[in-house]
file data21.txt (compact mmCIF, C-alpha atoms)
# COMPACT_ATOMS: atom_id res chain seq x y z
CA ARG A 14 87.05 99.92 135.72
CA LYS A 15 84.95 100.28 138.84
CA ILE A 16 85.35 104.05 138.78
CA LEU A 17 84.54 104.17 135.06
CA LYS A 18 81.34 102.17 135.59
CA ARG A 19 80.19 104.46 138.42
CA THR A 20 81.13 107.72 136.69
CA PRO A 21 81.26 107.28 132.89
CA ASP A 22 81.16 111.05 132.24
CA VAL A 23 84.39 111.74 134.17
CA LEU A 24 87.28 112.61 131.83
CA SER A 25 90.09 113.62 134.20
CA LEU A 26 91.31 113.51 137.78
CA ASN A 27 89.88 116.99 138.30
CA ASP A 28 86.44 115.84 137.14
CA PHE A 29 86.61 112.82 139.44
CA ALA A 30 87.64 114.95 142.43
CA HIS A 31 84.70 117.27 141.78
CA ARG A 32 82.23 114.42 141.33
CA ALA A 33 83.40 112.39 144.31
CA TYR A 34 84.42 115.04 146.84
CA GLY A 35 83.06 118.41 145.72
CA ARG A 36 84.42 121.71 144.52
CA PRO A 37 87.00 122.37 147.32
CA VAL A 38 88.83 119.10 146.63
CA GLN A 39 88.70 119.76 142.89
CA VAL A 40 90.35 123.14 143.40
CA PHE A 41 92.97 121.51 145.64
CA VAL A 42 93.74 118.89 142.96
CA ILE A 43 94.00 121.62 140.31
CA VAL A 44 96.41 123.66 142.46
CA LEU A 45 98.58 120.58 143.11
CA SER A 46 98.60 119.72 139.40
CA LEU A 47 99.60 123.26 138.45
CA LEU A 48 102.33 123.30 141.08
CA ASN A 49 103.70 119.98 139.84
CA MET A 50 103.70 121.08 136.21
CA SER A 51 105.26 124.45 137.11
CA VAL A 52 108.15 122.76 138.91
CA ALA A 53 108.64 120.36 135.98
CA LEU A 54 108.64 123.17 133.39
CA ILE A 55 110.96 125.37 135.44
CA SER A 56 113.46 122.53 135.83
CA GLU A 57 113.30 121.65 132.11
CA TYR A 58 113.67 125.24 130.95
CA THR A 59 116.51 125.88 133.39
CA ALA A 60 118.34 122.77 132.17
CA ILE A 61 117.90 123.85 128.55
CA GLY A 62 119.10 127.36 129.38
CA ASP A 63 122.14 126.01 131.23
CA LEU A 64 123.03 123.69 128.36
CA PHE A 65 122.91 126.49 125.83
CA GLU A 66 124.72 128.98 128.04
CA HIS A 67 127.57 126.68 129.09
CA TYR A 68 128.06 124.35 126.12
CA VAL A 69 126.77 126.15 123.05
CA GLY A 70 127.63 129.66 124.18
CA GLY A 71 125.76 132.76 123.31
CA PRO A 72 123.37 134.92 125.28
CA SER A 73 122.39 134.58 128.90
CA ARG A 74 120.23 131.60 129.75
CA ILE A 75 117.22 133.78 130.52
CA TYR A 76 116.86 134.64 126.82
CA ILE A 77 117.04 130.98 125.85
CA ILE A 78 114.48 130.06 128.53
CA ILE A 79 112.09 132.76 127.30
CA LEU A 80 112.55 131.72 123.67
CA VAL A 81 111.97 128.02 124.38
CA GLY A 82 108.94 128.85 126.52
CA LEU A 83 107.41 131.03 123.83
CA VAL A 84 108.01 128.51 121.05
CA THR A 85 106.53 125.73 123.19
CA ALA A 86 103.50 127.84 124.11
CA VAL A 87 102.85 128.83 120.49
CA TYR A 88 103.04 125.35 118.97
CA THR A 89 101.00 123.86 121.83
CA ALA A 90 98.35 126.58 121.50
CA LYS A 91 98.18 126.06 117.73
CA GLY A 92 98.25 122.26 117.66
CA GLY A 93 96.93 121.30 121.08
CA LEU A 94 97.57 117.97 122.74
CA LEU A 95 98.13 116.16 119.44
CA ILE A 96 101.14 118.27 118.47
CA SER A 97 102.51 117.97 122.01
CA LEU A 98 102.29 114.17 121.79
CA LEU A 99 103.90 114.17 118.35
CA THR A 100 106.84 116.29 119.52
CA ASP A 101 107.28 114.00 122.54
CA GLN A 102 107.45 111.01 120.20
CA LEU A 103 109.93 112.81 117.96
CA GLN A 104 112.11 113.67 120.96
CA ALA A 105 112.02 110.05 122.13
CA ALA A 106 113.05 108.82 118.68
CA LEU A 107 115.93 111.32 118.50
CA ILE A 108 117.10 110.35 121.98
CA LEU A 109 117.11 106.67 121.03
CA VAL A 110 119.15 107.45 117.90
CA LEU A 111 121.63 109.52 119.93
CA ILE A 112 121.97 106.73 122.51
CA LEU A 113 122.65 104.27 119.71
CA ILE A 114 125.28 106.57 118.14
CA ALA A 115 126.96 107.21 121.51
CA SER A 116 126.98 103.49 122.32
CA LEU A 117 128.53 102.60 118.97
CA TYR A 118 131.13 105.33 119.43
CA LEU A 119 132.06 104.01 122.86
CA VAL A 120 132.30 100.42 121.63
CA VAL A 121 134.55 101.38 118.71
CA ASN A 122 136.84 103.87 120.48
CA PHE A 123 137.24 102.62 124.05
CA ARG A 124 138.45 99.05 123.76
CA GLU A 125 141.62 99.70 125.77
CA PRO A 126 141.58 100.66 129.44
CA LEU A 127 141.61 104.39 130.08
CA ARG A 128 145.14 105.73 130.46
CA GLN A 129 144.33 108.17 133.22
CA PRO A 130 141.65 108.14 135.90
CA LEU A 131 138.44 110.05 135.25
CA PRO A 132 138.09 113.48 136.85
CA GLU A 133 136.33 113.61 140.22
CA ARG A 134 133.40 115.56 138.76
CA LEU A 135 132.50 112.56 136.56
CA GLY A 136 132.13 110.21 139.53
CA ILE A 137 129.32 109.85 142.06
CA ASN A 138 128.71 113.28 143.57
CA TYR A 139 126.09 115.55 145.09
CA SER A 140 125.17 117.20 141.78
CA GLY A 141 124.37 113.85 140.18
CA PHE A 142 122.16 112.72 143.04
CA SER A 143 120.36 116.06 143.25
CA SER A 144 119.59 116.02 139.53
CA ILE A 145 118.21 112.47 139.75
CA PHE A 146 115.90 113.35 142.63
CA SER A 147 114.76 116.69 141.19
CA LEU A 148 113.71 115.35 137.78
CA PRO A 149 109.99 114.78 137.35

call {"tool": "encode", "arguments": {"input": "data21.txt", "output": "structure tokens"}}
result
Amino acid sequence: RKILKRTPDVLSLNDFAHRAYGRPVQVFVIVLSLLNMSVALISEYTAIGDLFEHYVGGPSRIYIIILVGLVTAVYTAKGGLLISLLTDQLQAALILVLILIASLYLVVNFREPLRQPLPERLGINYSGFSSIFSLP
């Protein structure tokens, strides 16, 4: 609230950096923001491409990555932030429904102890930890 009272015309972190520290810091904040978003998008698109390539089958993941990137760019350019927020809410709702379905499935089907031990790749491993720490 203190910042808002001192600078009511500031709308974003970039505006605040420019107002408080000048143009060089604003450019630095913009570059860091772009780098952060680039890493997040690259990791999301790579994960989507890997899922389609390995589990759904079909073309190489690069085609899926390009397709998802183009579709995302088009609907965001057409609808702006509002459509992006709406699709995020839709994704969250679908994820919650899928979690509910998976939980019910597990409760109904896995009442007995497992007959054989789980494979090593399903336990705690390097890939699991690296994916946790690389997600934005």

call {"tool": "atom_distance", "arguments": {"input": "data21.txt", "atom1": "CA of Pro37 (chain A)", "atom2": "CA of Ser25 (chain A)"}}
result
16.1 Å

call {"tool": "residues_around", "arguments": {"input": "data21.txt", "residues": "region 58-60 of chain A", "least_positions_apart": "6", "cutoff": "8 Å", "atoms": "all atoms listed in the file", "output": "compact mmCIF listing (two decimals) with C-alpha atoms, in the frame of the given file"}}
result
# COMPACT_ATOMS: atom_id res chain seq x y z
CA ARG A 74 120.23 131.60 129.75
CA ILE A 78 114.48 130.06 128.53
CA VAL A 81 111.97 128.02 124.38
CA GLY A 82 108.94 128.85 126.52

call {"tool": "atom_distance", "arguments": {"input": "data21.txt", "atom1": "CA of Arg19 (chain A)", "atom2": "CA of Gly35 (chain A)"}}
result
16.0 Å

call {"tool": "residues_near_point", "arguments": {"input": "data21.txt", "point": "(90.6, 112.1, 139.8)", "cutoff": "12 Å", "atoms": "only C-alpha atoms", "output": "ChimeraX atom specification"}}
result
/A:16-17,20,23-35,38-43,46

call {"tool": "atom_distance", "arguments": {"input": "data21.txt", "atom1": "CA of Ser97 (chain A)", "atom2": "CA of Thr85 (chain A)"}}
result
8.8 Å

call {"tool": "axis_aligned_box", "arguments": {"input": "data21.txt", "around": "region 123-137 of chain A", "padding_each_side": "5 Å", "output": "AutoDock Vina command-line options"}}
result
--center_x 137.2 --center_y 107.3 --center_z 132.9 --size_x 25.8 --size_y 26.5 --size_z 28.3
